[in-house]
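Pasting input-v9.txt here (compact mmCIF, C-alpha atoms):
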```txt
# COMPACT_ATOMS: atom_id res chain seq x y z
CA MET A 1224 112.59 138.63 82.63
CA ARG A 1225 110.00 136.67 84.49
CA GLU A 1226 108.16 139.46 86.22
CA ARG A 1227 104.45 138.98 86.55
CA ILE A 1228 102.76 141.30 84.08
CA GLY A 1229 99.28 142.62 83.70
CA GLU A 1230 96.80 144.59 85.71
CA PHE A 1231 93.99 142.73 84.01
CA ALA A 1232 92.83 140.09 86.44
CA ALA A 1233 92.81 137.30 83.90
CA ALA A 1234 96.09 138.37 82.38
CA ALA A 1235 98.51 138.19 85.27
CA ALA A 1236 100.80 135.53 83.94
CA PRO A 1237 104.56 135.26 83.62
CA PHE A 1238 106.01 135.62 80.17
CA PRO A 1239 107.92 133.73 78.71
CA PRO A 1240 106.00 130.66 79.90
CA ASP A 1241 107.71 128.60 82.55
CA VAL A 1242 108.10 124.87 81.97
CA GLU A 1243 107.76 124.00 85.65
CA GLU A 1244 104.49 125.84 86.12
CA ASN A 1245 102.78 124.90 82.89
CA PHE A 1246 103.73 121.27 82.51
CA PHE A 1247 104.02 119.90 86.03
CA LEU A 1248 100.43 120.37 87.03
CA PRO A 1249 99.52 120.34 90.71
CA ALA A 1250 97.77 117.50 92.49
CA ILE A 1251 93.99 117.76 92.63
CA VAL A 1252 93.73 116.44 96.16
CA GLU A 1253 96.32 117.59 98.67
CA GLY A 1254 99.18 115.17 99.15
CA THR A 1255 98.50 112.87 96.22
CA TYR A 1256 101.14 114.31 93.90
CA PRO A 1257 101.96 112.88 91.36
CA TRP A 1258 99.31 110.19 91.37
CA PHE A 1259 96.13 112.26 91.13
CA THR A 1260 96.66 115.26 88.88
CA LYS A 1261 94.91 116.62 85.81
CA VAL A 1262 97.22 114.49 83.70
CA THR A 1263 96.30 111.16 85.27
CA VAL A 1264 92.61 112.07 85.23
CA LEU A 1265 92.95 112.74 81.49
CA ILE A 1266 94.55 109.36 80.89
CA TRP A 1267 91.74 107.60 82.70
CA LEU A 1268 89.27 109.72 80.72
CA THR A 1269 90.84 108.57 77.45
CA VAL A 1270 90.66 104.93 78.45
CA GLY A 1271 87.08 105.33 79.62
CA LEU A 1272 86.02 107.12 76.44
CA LEU A 1273 87.49 104.47 74.19
CA ILE A 1274 85.94 101.58 76.12
CA VAL A 1275 82.54 103.23 76.29
CA PHE A 1276 82.61 104.25 72.63
CA PHE A 1277 83.34 100.80 71.27
CA LEU A 1278 80.97 99.03 73.65
CA TRP A 1279 78.21 101.44 72.70
CA ALA A 1280 78.96 101.30 68.97
CA TYR A 1281 78.94 97.52 68.92
CA ARG A 1282 75.82 97.01 70.97
CA ASP A 1283 73.56 94.81 68.84
CA PRO A 1284 75.57 94.79 65.60
CA LYS A 1285 73.67 94.36 62.36
CA LEU A 1286 74.73 93.17 58.91
CA VAL A 1287 73.75 96.51 57.42
CA PRO A 1288 75.57 98.80 59.84
CA THR A 1289 73.87 101.52 61.81
CA LYS A 1290 75.58 104.90 61.80
CA ARG A 1291 77.49 104.41 65.05
CA GLN A 1292 78.53 100.90 64.01
CA TRP A 1293 79.73 102.32 60.70
CA ILE A 1294 81.89 104.90 62.42
CA ALA A 1295 83.54 102.30 64.63
CA GLU A 1296 84.04 100.00 61.65
CA SER A 1297 85.53 102.79 59.57
CA ILE A 1298 88.09 103.59 62.23
CA TYR A 1299 88.99 99.94 62.65
CA GLY A 1300 89.03 99.49 58.87
CA PHE A 1301 91.44 102.37 58.47
CA ALA A 1302 93.87 100.94 61.02
CA ARG A 1303 93.49 97.42 59.63
CA ASN A 1304 93.74 98.17 55.89
CA ASN A 1305 95.82 101.29 55.62
CA ILE A 1306 98.21 100.55 58.44
CA ALA A 1307 98.39 96.87 59.35
CA VAL A 1308 97.82 95.22 55.97
CA ASP A 1309 99.60 97.89 53.90
CA MET A 1310 102.72 97.74 56.06
CA ILE A 1311 102.89 94.10 57.11
CA GLY A 1312 100.88 92.22 54.52
CA ARG A 1313 98.21 89.60 54.97
CA GLU A 1314 99.36 88.52 58.42
CA GLY A 1315 99.10 92.10 59.63
CA VAL A 1316 95.47 91.44 60.42
CA ARG A 1317 96.33 89.89 63.78
CA PHE A 1318 98.00 93.16 64.81
CA ALA A 1319 95.08 95.32 63.69
CA PRO A 1320 93.25 95.41 67.06
CA TYR A 1321 96.37 96.57 68.90
CA PHE A 1322 97.16 99.16 66.23
CA THR A 1323 93.61 100.50 66.34
CA THR A 1324 93.73 100.82 70.11
CA LEU A 1325 97.16 102.42 70.02
CA PHE A 1326 96.13 104.85 67.29
CA LEU A 1327 92.96 105.93 69.07
CA PHE A 1328 94.67 106.17 72.47
CA ILE A 1329 97.39 108.47 71.12
CA LEU A 1330 94.88 110.42 69.01
CA VAL A 1331 92.49 111.16 71.86
CA ASN A 1332 95.39 112.10 74.15
CA ASN A 1333 96.81 114.42 71.50
CA LEU A 1334 93.46 116.06 70.83
CA PHE A 1335 93.10 116.87 74.52
CA GLY A 1336 95.81 119.44 73.84
CA ILE A 1337 93.44 121.65 71.86
CA ILE A 1338 90.03 120.90 73.38
CA PRO A 1339 88.90 124.05 75.23
CA GLY A 1340 88.88 123.61 78.97
CA ILE A 1341 91.32 120.73 78.89
CA GLN A 1342 94.09 122.16 76.71
CA PHE A 1343 96.77 119.81 77.93
CA SER A 1344 97.92 116.60 76.30
CA PRO A 1345 99.18 113.84 78.61
CA ASN A 1346 101.66 113.02 75.86
CA ALA A 1347 103.48 116.22 76.82
CA HIS A 1348 104.84 114.23 79.75
CA ILE A 1349 107.61 111.96 78.45
CA ALA A 1350 106.39 109.04 80.56
CA PHE A 1351 103.40 108.15 78.40
CA PRO A 1352 105.06 108.17 74.95
CA ALA A 1353 108.06 106.44 76.54
CA PHE A 1354 105.99 103.55 77.78
CA LEU A 1355 104.10 103.22 74.50
CA ALA A 1356 107.45 103.13 72.72
CA VAL A 1357 108.69 100.43 75.10
CA ILE A 1358 105.61 98.36 74.30
CA SER A 1359 106.27 98.75 70.55
CA TYR A 1360 109.91 97.84 71.12
CA VAL A 1361 109.08 94.67 73.02
CA LEU A 1362 106.41 93.87 70.41
CA PHE A 1363 108.61 93.88 67.35
CA ILE A 1364 111.47 92.05 69.06
CA ALA A 1365 109.15 89.41 70.52
CA VAL A 1366 107.40 88.92 67.17
CA GLY A 1367 110.74 88.54 65.44
CA ILE A 1368 112.14 86.07 67.96
CA ARG A 1369 108.95 84.04 67.91
CA ARG A 1370 109.03 83.86 64.12
CA HIS A 1371 112.71 83.19 63.54
CA GLY A 1372 114.28 82.05 66.79
CA LEU A 1373 116.79 84.22 68.61
CA LEU A 1374 119.94 83.77 66.49
CA LYS A 1375 118.21 83.90 63.13
CA TYR A 1376 116.23 86.94 64.24
CA LEU A 1377 119.45 88.74 65.16
CA LYS A 1378 120.81 87.83 61.75
CA VAL A 1379 117.72 89.20 60.04
CA GLN A 1380 117.69 92.40 62.09
CA LEU A 1381 121.39 93.20 62.25
CA VAL A 1382 123.02 91.85 59.10
CA PRO A 1383 122.14 93.87 56.01
CA PRO A 1384 122.78 92.52 52.50
CA ALA A 1385 126.25 93.99 51.98
CA PRO A 1386 129.71 92.73 51.04
CA ALA A 1387 131.47 90.95 53.88
CA PHE A 1388 134.32 93.43 54.27
CA VAL A 1389 131.98 96.30 55.22
CA LEU A 1390 129.89 94.31 57.72
CA PRO A 1391 132.13 95.07 60.74
CA ILE A 1392 131.10 98.72 60.40
CA LEU A 1393 127.54 98.09 59.35
CA ILE A 1394 126.51 95.66 62.08
CA PRO A 1395 127.19 98.05 65.00
CA ILE A 1396 125.41 100.80 63.07
CA GLU A 1397 122.42 98.55 62.43
CA PHE A 1398 122.41 97.41 66.07
CA PHE A 1399 122.46 101.00 67.29
CA SER A 1400 119.83 102.28 64.88
CA ASN A 1401 117.47 99.32 65.08
CA LEU A 1402 117.65 98.15 68.65
CA ILE A 1403 118.61 101.28 70.55
CA VAL A 1404 117.53 104.39 68.66
CA ARG A 1405 114.12 103.16 67.49
CA PRO A 1406 112.22 103.25 70.79
CA VAL A 1407 113.96 106.50 71.74
CA THR A 1408 112.92 108.30 68.57
CA LEU A 1409 109.39 106.89 68.70
CA ALA A 1410 108.88 108.29 72.18
CA LEU A 1411 110.78 111.52 71.63
CA ARG A 1412 108.98 112.36 68.39
CA LEU A 1413 105.54 112.12 69.98
CA PHE A 1414 106.64 113.86 73.18
CA ALA A 1415 108.45 116.70 71.42
CA ASN A 1416 105.50 117.36 69.11
CA MET A 1417 103.05 117.64 71.99
CA PHE A 1418 105.46 119.57 74.22
CA ALA A 1419 106.38 122.04 71.50
CA GLY A 1420 102.76 122.45 70.44
CA HIS A 1421 101.68 123.29 73.97
CA MET A 1422 104.64 125.65 74.35
CA ILE A 1423 103.85 127.49 71.12
CA LEU A 1424 100.21 128.01 72.09
CA LEU A 1425 101.35 129.24 75.52
CA VAL A 1426 103.86 131.64 73.97
CA PHE A 1427 101.32 133.25 71.67
CA THR A 1428 98.53 133.39 74.24
CA LEU A 1429 100.64 134.75 77.09
CA GLY A 1430 102.50 136.93 74.62
CA GLY A 1431 99.22 138.53 73.66
CA PHE A 1432 98.63 139.44 77.28
CA ALA A 1433 102.19 140.67 77.64
CA LEU A 1434 101.81 142.87 74.58
CA MET A 1435 98.51 144.16 75.82
CA ASN A 1436 100.05 145.32 79.06
CA ALA A 1437 103.33 146.56 77.63
CA ASN A 1438 102.44 149.97 76.25
CA ALA A 1439 99.66 151.62 74.24
CA LEU A 1440 101.51 151.25 70.94
CA LEU A 1441 101.74 147.47 71.22
CA PHE A 1442 98.15 147.00 72.34
CA PRO A 1443 96.73 146.13 68.83
CA VAL A 1444 99.61 143.72 68.22
CA SER A 1445 98.20 141.53 70.96
CA LEU A 1446 95.28 140.81 68.62
CA VAL A 1447 97.71 139.53 66.01
CA SER A 1448 99.23 137.31 68.65
CA TRP A 1449 95.86 135.82 69.51
CA LEU A 1450 95.00 135.29 65.84
CA MET A 1451 98.27 133.36 65.56
CA THR A 1452 97.08 131.26 68.49
CA VAL A 1453 93.90 130.39 66.60
CA ALA A 1454 95.83 129.52 63.43
CA LEU A 1455 98.30 127.40 65.37
CA THR A 1456 95.47 125.57 67.10
CA PHE A 1457 94.33 124.35 63.70
CA LEU A 1458 97.88 123.31 62.94
CA GLU A 1459 97.95 121.49 66.28
CA ALA A 1460 94.87 119.53 65.23
CA VAL A 1461 96.66 118.36 62.09
CA ILE A 1462 99.80 117.53 64.05
CA ALA A 1463 97.77 115.58 66.62
CA ILE A 1464 96.24 113.30 64.01
CA LEU A 1465 99.48 113.01 62.05
CA GLN A 1466 101.61 112.06 65.07
CA ALA A 1467 99.16 109.37 66.14
CA TYR A 1468 99.24 107.94 62.62
CA ILE A 1469 103.03 108.14 62.40
CA PHE A 1470 103.55 106.32 65.71
CA VAL A 1471 101.39 103.41 64.62
CA VAL A 1472 102.73 103.29 61.06
CA LEU A 1473 106.31 103.18 62.31
CA THR A 1474 105.45 100.44 64.80
CA ALA A 1475 103.86 98.47 61.96
CA SER A 1476 106.93 99.06 59.81
CA TYR A 1477 109.21 97.78 62.57
CA VAL A 1478 107.04 94.68 62.99
CA GLN A 1479 107.24 94.13 59.25
CA GLY A 1480 111.02 94.43 59.39
CA ALA A 1481 111.14 91.85 62.17
CA LEU A 1482 108.90 89.43 60.29
CA ALA A 1483 110.72 89.74 57.00
CA GLU A 1484 112.54 86.72 55.65
CA GLY A 1485 116.31 86.93 55.73
CA HIS A 1486 118.18 87.44 52.47
CA MET B 731 141.55 139.42 77.97
CA ASP B 732 138.62 138.25 75.87
CA LEU B 733 138.88 138.81 72.14
CA ALA B 734 135.18 138.30 71.55
CA GLN B 735 132.20 137.58 73.69
CA ILE B 736 128.65 136.46 73.13
CA THR B 737 126.04 137.52 75.63
CA GLY B 738 122.43 136.67 75.86
CA SER B 739 120.83 133.40 74.97
CA LEU B 740 123.14 131.02 73.13
CA GLY B 741 120.27 128.54 73.17
CA ALA B 742 118.28 130.75 70.82
CA VAL B 743 121.19 130.89 68.38
CA GLY B 744 121.57 127.13 68.68
CA TYR B 745 117.92 126.51 67.91
CA GLY B 746 118.08 128.82 64.90
CA LEU B 747 120.98 126.79 63.51
CA ALA B 748 119.20 123.54 64.32
CA ALA B 749 116.13 124.61 62.34
CA ILE B 750 118.03 124.91 59.05
CA GLY B 751 118.36 121.18 58.40
CA PRO B 752 114.77 120.09 58.97
CA GLY B 753 113.52 123.12 57.06
CA ILE B 754 115.45 122.07 53.97
CA GLY B 755 114.53 118.41 54.57
CA VAL B 756 110.80 119.02 54.69
CA GLY B 757 111.05 121.13 51.55
CA ILE B 758 112.83 118.32 49.74
CA ILE B 759 110.25 115.75 50.81
CA PHE B 760 107.28 117.73 49.58
CA ALA B 761 109.12 118.75 46.41
CA ALA B 762 109.77 115.06 45.71
CA TYR B 763 106.11 114.19 46.26
CA ILE B 764 104.90 116.98 43.99
CA GLN B 765 107.37 116.06 41.26
CA ALA B 766 106.52 112.36 41.46
CA THR B 767 102.81 113.15 41.25
CA ALA B 768 103.43 115.46 38.31
CA ARG B 769 105.24 112.72 36.44
CA GLN B 770 102.71 110.01 37.23
CA PRO B 771 99.45 111.22 38.79
CA GLU B 772 98.18 107.70 39.45
CA SER B 773 100.98 107.12 41.94
CA ALA B 774 99.81 109.93 44.25
CA ARG B 775 97.79 107.73 46.56
CA MET B 776 100.48 105.09 46.76
CA THR B 777 103.29 107.44 47.70
CA GLN B 778 101.30 109.59 50.12
CA PRO B 779 101.93 107.45 53.24
CA PHE B 780 105.67 107.66 52.58
CA MET B 781 105.40 111.43 52.36
CA TRP B 782 103.79 111.62 55.78
CA ILE B 783 106.27 109.20 57.32
CA GLY B 784 109.20 111.13 55.89
CA PHE B 785 107.74 114.44 57.04
CA ALA B 786 107.24 113.22 60.60
CA VAL B 787 110.72 111.76 60.84
CA VAL B 788 112.36 114.99 59.62
CA GLU B 789 110.05 117.16 61.71
CA ALA B 790 111.11 115.19 64.77
CA LEU B 791 114.56 116.73 64.50
CA ALA B 792 113.12 120.23 64.34
CA LEU B 793 111.06 119.55 67.43
CA LEU B 794 113.96 118.01 69.29
CA GLY B 795 115.57 121.41 68.73
CA ILE B 796 112.70 123.18 70.45
CA ALA B 797 112.53 120.68 73.30
CA PHE B 798 116.28 120.54 73.95
CA GLY B 799 116.35 124.33 74.04
CA PHE B 800 114.61 123.99 77.37
CA VAL B 801 116.64 120.97 78.48
CA PHE B 802 119.94 122.72 77.86
CA SER B 803 118.84 126.12 79.14
CA PRO B 804 120.99 127.56 81.91
CA PRO B 805 119.58 127.23 85.41
CA GLN B 806 117.58 130.28 86.48
```
Once more with this new file: its structure as structure tokens, please.
Amino acid sequence: MRERIGEFAAAAAPFPPDVEENFFLPAIVEGTYPWFTKVTVLIWLTVGLLIVFFLWAYRDPKLVPTKRQWIAESIYGFARNNIAVDMIGREGVRFAPYFTTLFLFILVNNLFGIIPGIQFSPNAHIAFPAFLAVISYVLFIAVGIRRHGLLKYLKVQLVPPAPAFVLPILIPIEFFSNLIVRPVTLALRLFANMFAGHMILLVFTLGGFALMNANALLFPVSLVSWLMTVALTFLEAVIAILQAYIFVVLTASYVQGALAEGH
Amino acid sequence: MDLAQITGSLGAVGYGLAAIGPGIGVGIIFAAYIQATARQPESARMTQPFMWIGFAVVEALALLGIAFGFVFSPPQ
């Protein structure tokens, strides 16, 4: 059922949307696939935006903040107080710069999914959430080993406070869920949210065109489909912010778990 | 001789079944938050981060359902 539909010039698009066509975007310059596509340009754009924003906001800082300084400080304050210090405690402050950067990087990438003209989030490619999850994974293990030493860290991470006879079952479970599943779910959660969000918007948009070209009775239903697209775009905005927050909060929680004193 | 046969997309049926669990889970999380706030309104701000964390973790399963529908789909 993948025939091309639509006599309207702008509407000739296959329905249901194809993963290959909509997610693996073509190279911008011939022969540079996959190194120079819309996705990589967006990643560089995110990095550039963040660097430029913070350099500009902190040009000539004053004690009574200017408006742009206040915005930058509010964002950093949110990541420092509500994420780093709330989750880790007083020593969370030294993680606050990384958490701010991580939060803003994921947030800007997620918001690219709904900005008109761009409408594609680089986090819909598993590579980017996967690598961010690997960094979080290395971070909480390295922090734990540096604090406790290797053996004591393994004891803290893998041995829950439980009676001795049940530990042979619990330790493999803890090992699997702490040291194997955590980076996988971190990456997969972010990726699946962005992938599914893009897919849903595609389904309703292309579905509107499909309905429009189906027959005269279904023509008005295409308007309903496009209204759903608008409503879901707002939902996507909420999801974008929420998923960025969740990624960083969970990383902070894992760091806190690694730093915790053994029982 | 086949006694019964399913045709069409089994993936769609699978996703429908996979959406039951997270649907109930998200409902329980928000019900717990509303009840806790009703019992003690001052705790609302303190428990809100846990609500969002719980929601995202449960929602991840629902979205894995959507994503794996494409991973497991039969080759065209």
Only residues of chain A matter here; which ones have an atom within 12 Å of chain B, counting only C-alpha atoms? Give them as a short mmCIF file (atom, residue, chain, number, x, y, z; two decimals) with C-alpha atoms, in the frame of the given file.
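Wrote it out as selection-v3.cif, contents follow:
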```cif
data_model
loop_
_atom_site.label_atom_id
_atom_site.label_comp_id
_atom_site.auth_asym_id
_atom_site.auth_seq_id
_atom_site.Cartn_x
_atom_site.Cartn_y
_atom_site.Cartn_z
CA MET A 1224 112.59 138.63 82.63
CA ARG A 1225 110.00 136.67 84.49
CA PRO A 1239 107.92 133.73 78.71
CA PRO A 1240 106.00 130.66 79.90
CA ASP A 1241 107.71 128.60 82.55
CA VAL A 1242 108.10 124.87 81.97
CA GLU A 1243 107.76 124.00 85.65
CA ASN A 1305 95.82 101.29 55.62
CA ILE A 1306 98.21 100.55 58.44
CA ASP A 1309 99.60 97.89 53.90
CA MET A 1310 102.72 97.74 56.06
CA ALA A 1347 103.48 116.22 76.82
CA HIS A 1348 104.84 114.23 79.75
CA ILE A 1349 107.61 111.96 78.45
CA ARG A 1405 114.12 103.16 67.49
CA VAL A 1407 113.96 106.50 71.74
CA THR A 1408 112.92 108.30 68.57
CA LEU A 1409 109.39 106.89 68.70
CA ALA A 1410 108.88 108.29 72.18
CA LEU A 1411 110.78 111.52 71.63
CA ARG A 1412 108.98 112.36 68.39
CA LEU A 1413 105.54 112.12 69.98
CA PHE A 1414 106.64 113.86 73.18
CA ALA A 1415 108.45 116.70 71.42
CA ASN A 1416 105.50 117.36 69.11
CA MET A 1417 103.05 117.64 71.99
CA PHE A 1418 105.46 119.57 74.22
CA ALA A 1419 106.38 122.04 71.50
CA GLY A 1420 102.76 122.45 70.44
CA HIS A 1421 101.68 123.29 73.97
CA MET A 1422 104.64 125.65 74.35
CA ILE A 1423 103.85 127.49 71.12
CA VAL A 1461 96.66 118.36 62.09
CA ILE A 1462 99.80 117.53 64.05
CA ALA A 1463 97.77 115.58 66.62
CA ILE A 1464 96.24 113.30 64.01
CA LEU A 1465 99.48 113.01 62.05
CA GLN A 1466 101.61 112.06 65.07
CA ALA A 1467 99.16 109.37 66.14
CA TYR A 1468 99.24 107.94 62.62
CA ILE A 1469 103.03 108.14 62.40
CA PHE A 1470 103.55 106.32 65.71
CA VAL A 1471 101.39 103.41 64.62
CA VAL A 1472 102.73 103.29 61.06
CA LEU A 1473 106.31 103.18 62.31
CA THR A 1474 105.45 100.44 64.80
CA ALA A 1475 103.86 98.47 61.96
CA SER A 1476 106.93 99.06 59.81
#
```
Inset, instruction - With a distance cut-off of 12 Å and only C-alpha atoms, select the neighbouring residues of Ala762 in chain B, excluding the residue or stretch itself and same-chain residues fewer than 3 positions from it, and output the selection as a PyMOL selection string. - result: chain B and resi 755-759+765-769+774+777-778+780-781+784-785
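Surrounding range 1362-1369 of chain A within 6 Å are Tyr1376, Val1478, Ala1481 and Leu1482 of chain A, with only C-alpha atoms counted and residues fewer than 6 positions along the same chain left out.
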Inset, instruction - Go ahead and compute the interatomic distance for CA of Leu1377 in chain A and CA of Phe1398 in chain A, in Å to one decimal. - result: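 Result for CA of Leu1377 in chain A versus CA of Phe1398 in chain A: 9.2 Å, one decimal.
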Inset, instruction - Take CA of Val1287 in chain A and CA of Pro1320 in chain A and report the distance between them in Å, one decimal. - result: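 Taking CA of Val1287 in chain A and CA of Pro1320 in chain A, their separation equals 21.8 Å.
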At most 12 Å from (92.0, 118.4, 76.4), file frame, all atoms listed in the file: which residues, as a PDB file with C-alpha atoms, in the frame of the given file?
```pdb
ATOM      1  CA  LYS A1261      94.910 116.620  85.810  1.00  0.00           C
ATOM      2  CA  VAL A1262      97.220 114.490  83.700  1.00  0.00           C
ATOM      3  CA  VAL A1264      92.610 112.070  85.230  1.00  0.00           C
ATOM      4  CA  LEU A1265      92.950 112.740  81.490  1.00  0.00           C
ATOM      5  CA  ILE A1266      94.550 109.360  80.890  1.00  0.00           C
ATOM      6  CA  LEU A1268      89.270 109.720  80.720  1.00  0.00           C
ATOM      7  CA  THR A1269      90.840 108.570  77.450  1.00  0.00           C
ATOM      8  CA  LEU A1330      94.880 110.420  69.010  1.00  0.00           C
ATOM      9  CA  VAL A1331      92.490 111.160  71.860  1.00  0.00           C
ATOM     10  CA  ASN A1332      95.390 112.100  74.150  1.00  0.00           C
ATOM     11  CA  ASN A1333      96.810 114.420  71.500  1.00  0.00           C
ATOM     12  CA  LEU A1334      93.460 116.060  70.830  1.00  0.00           C
ATOM     13  CA  PHE A1335      93.100 116.870  74.520  1.00  0.00           C
ATOM     14  CA  GLY A1336      95.810 119.440  73.840  1.00  0.00           C
ATOM     15  CA  ILE A1337      93.440 121.650  71.860  1.00  0.00           C
ATOM     16  CA  ILE A1338      90.030 120.900  73.380  1.00  0.00           C
ATOM     17  CA  PRO A1339      88.900 124.050  75.230  1.00  0.00           C
ATOM     18  CA  GLY A1340      88.880 123.610  78.970  1.00  0.00           C
ATOM     19  CA  ILE A1341      91.320 120.730  78.890  1.00  0.00           C
ATOM     20  CA  GLN A1342      94.090 122.160  76.710  1.00  0.00           C
ATOM     21  CA  PHE A1343      96.770 119.810  77.930  1.00  0.00           C
ATOM     22  CA  SER A1344      97.920 116.600  76.300  1.00  0.00           C
ATOM     23  CA  PRO A1345      99.180 113.840  78.610  1.00  0.00           C
ATOM     24  CA  ASN A1346     101.660 113.020  75.860  1.00  0.00           C
ATOM     25  CA  ALA A1347     103.480 116.220  76.820  1.00  0.00           C
ATOM     26  CA  MET A1417     103.050 117.640  71.990  1.00  0.00           C
ATOM     27  CA  HIS A1421     101.680 123.290  73.970  1.00  0.00           C
ATOM     28  CA  ALA A1460      94.870 119.530  65.230  1.00  0.00           C
ATOM     29  CA  ALA A1463      97.770 115.580  66.620  1.00  0.00           C
TER      30      ALA A1463
END
```
Set up a box along x, y and z of the file covering all listed atoms of range 731-743 of chain B, add 5 Å on every one of the six sides, and write the centre and edge lengths in Å to one decimal, as JSON.
```
{"center_x": 129.9, "center_y": 134.0, "center_z": 73.2, "size_x": 33.3, "size_y": 20.9, "size_z": 19.6}
```
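CA of Pro1395 in chain A is positioned 8.0 Å from CA of Leu1381 in chain A.
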Inset, instruction - Name the closest residue to Gln1479 in chain A among the candidates A:Phe1442, A:Val1361, A:Glu1314, A:Glu1253; distances are taken between atoms, counting only C-alpha atoms. - result: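 Of A:Phe1442, A:Val1361, A:Glu1314, A:Glu1253, the one nearest Gln1479 in chain A, counting only C-alpha atoms, is A:Glu1314.
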Do you know which residues lie at most 12 Å from (96.5, 97.2, 68.4), with coordinates as in the file and all atoms listed in the file counted, and could you write them as a PDB file with C-alpha atoms, keeping the file's coordinate frame?
```pdb
ATOM      1  CA  TYR A1299      88.990  99.940  62.650  1.00  0.00           C
ATOM      2  CA  ALA A1302      93.870 100.940  61.020  1.00  0.00           C
ATOM      3  CA  ARG A1303      93.490  97.420  59.630  1.00  0.00           C
ATOM      4  CA  ILE A1306      98.210 100.550  58.440  1.00  0.00           C
ATOM      5  CA  ALA A1307      98.390  96.870  59.350  1.00  0.00           C
ATOM      6  CA  GLY A1315      99.100  92.100  59.630  1.00  0.00           C
ATOM      7  CA  VAL A1316      95.470  91.440  60.420  1.00  0.00           C
ATOM      8  CA  ARG A1317      96.330  89.890  63.780  1.00  0.00           C
ATOM      9  CA  PHE A1318      98.000  93.160  64.810  1.00  0.00           C
ATOM     10  CA  ALA A1319      95.080  95.320  63.690  1.00  0.00           C
ATOM     11  CA  PRO A1320      93.250  95.410  67.060  1.00  0.00           C
ATOM     12  CA  TYR A1321      96.370  96.570  68.900  1.00  0.00           C
ATOM     13  CA  PHE A1322      97.160  99.160  66.230  1.00  0.00           C
ATOM     14  CA  THR A1323      93.610 100.500  66.340  1.00  0.00           C
ATOM     15  CA  THR A1324      93.730 100.820  70.110  1.00  0.00           C
ATOM     16  CA  LEU A1325      97.160 102.420  70.020  1.00  0.00           C
ATOM     17  CA  PHE A1326      96.130 104.850  67.290  1.00  0.00           C
ATOM     18  CA  LEU A1327      92.960 105.930  69.070  1.00  0.00           C
ATOM     19  CA  PHE A1328      94.670 106.170  72.470  1.00  0.00           C
ATOM     20  CA  ILE A1329      97.390 108.470  71.120  1.00  0.00           C
ATOM     21  CA  LEU A1355     104.100 103.220  74.500  1.00  0.00           C
ATOM     22  CA  ILE A1358     105.610  98.360  74.300  1.00  0.00           C
ATOM     23  CA  SER A1359     106.270  98.750  70.550  1.00  0.00           C
ATOM     24  CA  LEU A1362     106.410  93.870  70.410  1.00  0.00           C
ATOM     25  CA  PHE A1470     103.550 106.320  65.710  1.00  0.00           C
ATOM     26  CA  VAL A1471     101.390 103.410  64.620  1.00  0.00           C
ATOM     27  CA  VAL A1472     102.730 103.290  61.060  1.00  0.00           C
ATOM     28  CA  THR A1474     105.450 100.440  64.800  1.00  0.00           C
ATOM     29  CA  ALA A1475     103.860  98.470  61.960  1.00  0.00           C
TER      30      ALA A1475
END
```
Inset, instruction - Within 10 Å of Ala742 in chain B, counting only C-alpha atoms, which residues show up once you throw out same-chain ones fewer than 4 positions away? Write them as a PyMOL selection string, please. - result: chain B and resi 738+746-748+795-796+799+803
Go ahead and write the selection's residues with C-alpha atoms as an mmCIF file, keeping the file's coordinate frame.
```cif
data_model
loop_
_atom_site.group_PDB
_atom_site.id
_atom_site.type_symbol
_atom_site.label_atom_id
_atom_site.label_comp_id
_atom_site.auth_asym_id
_atom_site.auth_seq_id
_atom_site.Cartn_x
_atom_site.Cartn_y
_atom_site.Cartn_z
ATOM 1 C CA GLY B 738 122.430 136.670 75.860
ATOM 2 C CA GLY B 746 118.080 128.820 64.900
ATOM 3 C CA LEU B 747 120.980 126.790 63.510
ATOM 4 C CA ALA B 748 119.200 123.540 64.320
ATOM 5 C CA GLY B 795 115.570 121.410 68.730
ATOM 6 C CA ILE B 796 112.700 123.180 70.450
ATOM 7 C CA GLY B 799 116.350 124.330 74.040
ATOM 8 C CA SER B 803 118.840 126.120 79.140
#
```
Generate N, CA and C atoms for range 783-789 of chain B and emit them as a PDB file, in the coordinates of the input.
```pdb
ATOM      1  N   ILE B 783     105.245 109.799  56.457  1.00  0.00           N
ATOM      2  CA  ILE B 783     106.270 109.200  57.320  1.00  0.00           C
ATOM      3  C   ILE B 783     107.548 110.022  57.256  1.00  0.00           C
ATOM      4  N   GLY B 784     107.970 110.353  56.035  1.00  0.00           N
ATOM      5  CA  GLY B 784     109.200 111.130  55.890  1.00  0.00           C
ATOM      6  C   GLY B 784     109.085 112.482  56.568  1.00  0.00           C
ATOM      7  N   PHE B 785     107.927 113.138  56.411  1.00  0.00           N
ATOM      8  CA  PHE B 785     107.740 114.440  57.040  1.00  0.00           C
ATOM      9  C   PHE B 785     107.852 114.330  58.553  1.00  0.00           C
ATOM     10  N   ALA B 786     107.226 113.324  59.133  1.00  0.00           N
ATOM     11  CA  ALA B 786     107.240 113.220  60.600  1.00  0.00           C
ATOM     12  C   ALA B 786     108.640 112.934  61.112  1.00  0.00           C
ATOM     13  N   VAL B 787     109.371 112.089  60.374  1.00  0.00           N
ATOM     14  CA  VAL B 787     110.720 111.760  60.840  1.00  0.00           C
ATOM     15  C   VAL B 787     111.612 112.997  60.805  1.00  0.00           C
ATOM     16  N   VAL B 788     111.517 113.790  59.728  1.00  0.00           N
ATOM     17  CA  VAL B 788     112.360 114.990  59.620  1.00  0.00           C
ATOM     18  C   VAL B 788     111.907 116.043  60.635  1.00  0.00           C
ATOM     19  N   GLU B 789     110.575 116.166  60.786  1.00  0.00           N
ATOM     20  CA  GLU B 789     110.050 117.160  61.710  1.00  0.00           C
ATOM     21  C   GLU B 789     110.463 116.859  63.135  1.00  0.00           C
TER      22      GLU B 789
END
```
